[in-house]
Amino acid sequence: LICFMAGTTIIAIMVFLFLNGCIPETAYLQNFLFRSYLTFSLLLVISIVLLAFFYKTSSRPYKLLLLAVMLFLALTITQLKGRSAYLSLALLSPWIFITMFGRRRLIPILAALLLTFMLMFSSRTVRERIALVPKEIKLYQSGVVSSYKLTDGSSIPSSVGLHLQMWKSSLEIFKH
């Protein structure tokens, strides 16, 4: 687990430096760092969840380090385009902070939740990606053809449409 968290943190540092212009842009780095940003952003959320468990049992100096790493990983998530990670982080945040601080410490939990949501919505990337959701739902409903090809040859007009299609199919499976 420690190696997993260390690996995602090292790659997050590379991504953060690349996005902020500290590493020169090359075709290789662009391809390497953003080929599967969705998967990577979800791995960052998993790392934050795991760090919450380590936070609970560590001593004070390590708690500060873990908190800094968690904050950095959350900041990196806000610079990526993975809306699934935004949603996952938003939904898991209460659980993460209850794990870290305990159920009875309501003020630190609420403060951490507020900080998390402020961090997320202060990011231009997050705001732009969330603003696209209603437009992509309308595209999906209009049936505009896109590059998302399904196995039966039909197309889905957006990534949101693809998710809606998967949820619809999943509900059909559960019904049967």
# chains A, B, ... in the order shown; residues from 1 in each chain; ligands from 1

$ residues_around --residues "Ile13 in chain A" --least-positions-apart "3" --cutoff "12 Å" --atoms "only C-alpha atoms" --output "ChimeraX atom specification"
/A:6-10,16-20,22-23,33,44,69,72-77,79

$ write_last_selection --atoms "C-alpha atoms" --output "PDB file, in the first residue's frame"
ATOM      1  CA  ALA A   6       4.272   6.623  -3.149  1.00  0.00           C
ATOM      2  CA  GLY A   7       3.991   5.767  -6.848  1.00  0.00           C
ATOM      3  CA  THR A   8       0.800   7.741  -7.367  1.00  0.00           C
ATOM      4  CA  THR A   9       2.308  10.670  -5.463  1.00  0.00           C
ATOM      5  CA  ILE A  10       5.477  10.656  -7.596  1.00  0.00           C
ATOM      6  CA  PHE A  16       1.556  18.834 -11.449  1.00  0.00           C
ATOM      7  CA  LEU A  17       4.933  20.110 -12.653  1.00  0.00           C
ATOM      8  CA  PHE A  18       3.997  19.385 -16.268  1.00  0.00           C
ATOM      9  CA  LEU A  19       0.648  21.175 -16.024  1.00  0.00           C
ATOM     10  CA  ASN A  20       2.296  24.222 -14.459  1.00  0.00           C
ATOM     11  CA  CYS A  22       7.942  23.362 -14.943  1.00  0.00           C
ATOM     12  CA  ILE A  23       8.659  20.357 -17.184  1.00  0.00           C
ATOM     13  CA  LEU A  33       0.706  11.615 -18.614  1.00  0.00           C
ATOM     14  CA  LEU A  44      -5.371   9.512  -6.698  1.00  0.00           C
ATOM     15  CA  VAL A  69       0.296  14.779   0.702  1.00  0.00           C
ATOM     16  CA  PHE A  72      -1.450  17.886  -2.806  1.00  0.00           C
ATOM     17  CA  LEU A  73      -3.190  14.844  -4.327  1.00  0.00           C
ATOM     18  CA  ALA A  74      -6.559  16.602  -4.083  1.00  0.00           C
ATOM     19  CA  LEU A  75      -5.044  19.672  -5.749  1.00  0.00           C
ATOM     20  CA  THR A  76      -3.702  17.481  -8.549  1.00  0.00           C
ATOM     21  CA  ILE A  77      -7.155  15.945  -9.041  1.00  0.00           C
ATOM     22  CA  GLN A  79      -6.171  20.024 -12.422  1.00  0.00           C
TER      23      GLN A  79
END

$ select_by_dssp --residues "range 55-126 of chain A" --states "alpha helix (DSSP H)" --output "ChimeraX atom specification"
/A:55-57,60-79,83-101,106-121,124-126

$ residues_around --residues "Ser47 in chain A" --least-positions-apart "4" --cutoff "8 Å" --atoms "only C-alpha atoms" --output "JSON, numbers by chain"
{"A": [4, 5, 8, 43, 51]}

$ residues_around --residues "Glu128 in chain A" --least-positions-apart "4" --cutoff "12 Å" --atoms "only C-alpha atoms" --output "ChimeraX atom specification"
/A:78-83,120-124,132-135

$ write_last_selection --atoms "all heavy atoms" --output "compact mmCIF listing (two decimals), in the first residue's frame"
# COMPACT_ATOMS: atom_id res chain seq x y z
N THR A 78 -7.86 18.28 -9.02
CA THR A 78 -8.60 19.43 -9.55
C THR A 78 -7.99 19.97 -10.84
O THR A 78 -8.63 20.76 -11.52
CB THR A 78 -8.66 20.57 -8.52
OG1 THR A 78 -7.34 21.07 -8.27
CG2 THR A 78 -9.32 20.13 -7.24
N GLN A 79 -6.79 19.56 -11.18
CA GLN A 79 -6.17 20.02 -12.42
C GLN A 79 -6.34 19.02 -13.56
O GLN A 79 -6.02 19.33 -14.70
CB GLN A 79 -4.69 20.33 -12.19
CG GLN A 79 -4.52 21.48 -11.23
CD GLN A 79 -3.09 21.92 -11.13
OE1 GLN A 79 -2.21 21.39 -11.78
NE2 GLN A 79 -2.86 22.91 -10.31
N LEU A 80 -6.82 17.84 -13.25
CA LEU A 80 -7.08 16.82 -14.27
C LEU A 80 -8.52 16.93 -14.75
O LEU A 80 -9.34 17.59 -14.12
CB LEU A 80 -6.80 15.43 -13.71
CG LEU A 80 -5.35 15.16 -13.31
CD1 LEU A 80 -5.23 13.84 -12.59
CD2 LEU A 80 -4.46 15.17 -14.55
N LYS A 81 -8.85 16.24 -15.82
CA LYS A 81 -10.18 16.35 -16.42
C LYS A 81 -11.12 15.23 -16.03
O LYS A 81 -12.20 15.11 -16.59
CB LYS A 81 -10.05 16.41 -17.94
CG LYS A 81 -9.35 17.64 -18.43
CD LYS A 81 -9.30 17.67 -19.93
CE LYS A 81 -8.61 18.93 -20.41
NZ LYS A 81 -8.60 19.02 -21.86
N GLY A 82 -10.75 14.40 -15.07
CA GLY A 82 -11.56 13.25 -14.70
C GLY A 82 -12.73 13.60 -13.80
O GLY A 82 -12.58 13.70 -12.59
N ARG A 83 -13.92 13.78 -14.39
CA ARG A 83 -15.10 14.13 -13.59
C ARG A 83 -15.48 13.03 -12.63
O ARG A 83 -16.04 13.30 -11.57
CB ARG A 83 -16.27 14.46 -14.52
CG ARG A 83 -16.12 15.78 -15.21
CD ARG A 83 -17.30 16.07 -16.07
NE ARG A 83 -17.30 15.16 -17.19
CZ ARG A 83 -17.72 15.49 -18.41
NH1 ARG A 83 -18.20 16.67 -18.63
NH2 ARG A 83 -17.69 14.62 -19.38
N MET A 120 -11.98 22.36 -4.74
CA MET A 120 -12.49 21.82 -6.00
C MET A 120 -13.09 22.92 -6.87
O MET A 120 -12.81 22.98 -8.07
CB MET A 120 -13.51 20.71 -5.74
CG MET A 120 -12.87 19.43 -5.23
SD MET A 120 -14.04 18.15 -4.87
CE MET A 120 -14.67 17.79 -6.49
N PHE A 121 -13.90 23.77 -6.29
CA PHE A 121 -14.58 24.77 -7.11
C PHE A 121 -13.74 26.01 -7.37
O PHE A 121 -14.14 26.87 -8.15
CB PHE A 121 -15.94 25.11 -6.51
CG PHE A 121 -16.93 24.01 -6.71
CD1 PHE A 121 -17.33 23.22 -5.64
CD2 PHE A 121 -17.44 23.73 -7.97
CE1 PHE A 121 -18.22 22.18 -5.84
CE2 PHE A 121 -18.33 22.69 -8.17
CZ PHE A 121 -18.72 21.92 -7.10
N SER A 122 -12.58 26.11 -6.77
CA SER A 122 -11.67 27.20 -7.11
C SER A 122 -10.88 26.86 -8.37
O SER A 122 -10.25 27.73 -8.96
CB SER A 122 -10.71 27.49 -5.95
OG SER A 122 -9.82 26.41 -5.76
N SER A 123 -10.93 25.62 -8.79
CA SER A 123 -10.22 25.18 -9.99
C SER A 123 -11.05 25.48 -11.24
O SER A 123 -12.21 25.07 -11.35
CB SER A 123 -9.94 23.68 -9.92
OG SER A 123 -9.50 23.21 -11.17
N ARG A 124 -10.44 26.17 -12.18
CA ARG A 124 -11.10 26.50 -13.44
C ARG A 124 -11.43 25.21 -14.21
O ARG A 124 -12.50 25.10 -14.81
CB ARG A 124 -10.22 27.40 -14.28
CG ARG A 124 -10.85 27.86 -15.56
CD ARG A 124 -9.96 28.86 -16.26
NE ARG A 124 -8.61 28.34 -16.37
CZ ARG A 124 -7.97 28.15 -17.51
NH1 ARG A 124 -8.55 28.45 -18.63
NH2 ARG A 124 -6.75 27.67 -17.52
N LEU A 132 -19.85 21.39 -18.51
CA LEU A 132 -20.10 20.63 -19.74
C LEU A 132 -21.15 19.53 -19.56
O LEU A 132 -21.71 19.06 -20.55
CB LEU A 132 -18.80 19.98 -20.23
CG LEU A 132 -17.81 20.88 -20.93
CD1 LEU A 132 -16.53 20.10 -21.25
CD2 LEU A 132 -18.39 21.46 -22.19
N VAL A 133 -21.41 19.12 -18.33
CA VAL A 133 -22.32 18.00 -18.09
C VAL A 133 -23.71 18.25 -18.68
O VAL A 133 -24.23 17.41 -19.43
CB VAL A 133 -22.38 17.63 -16.59
CG1 VAL A 133 -23.48 16.62 -16.32
CG2 VAL A 133 -21.04 17.10 -16.13
N PRO A 134 -24.37 19.40 -18.40
CA PRO A 134 -25.71 19.59 -19.00
C PRO A 134 -25.68 19.61 -20.53
O PRO A 134 -26.58 19.08 -21.18
CB PRO A 134 -26.15 20.96 -18.46
CG PRO A 134 -25.31 21.21 -17.27
CD PRO A 134 -24.03 20.48 -17.48
N LYS A 135 -24.63 20.20 -21.11
CA LYS A 135 -24.51 20.23 -22.57
C LYS A 135 -24.36 18.82 -23.12
O LYS A 135 -24.96 18.47 -24.14
CB LYS A 135 -23.30 21.08 -22.98
CG LYS A 135 -23.44 22.53 -22.64
CD LYS A 135 -22.17 23.30 -22.94
CE LYS A 135 -22.26 24.71 -22.40
NZ LYS A 135 -21.02 25.45 -22.52
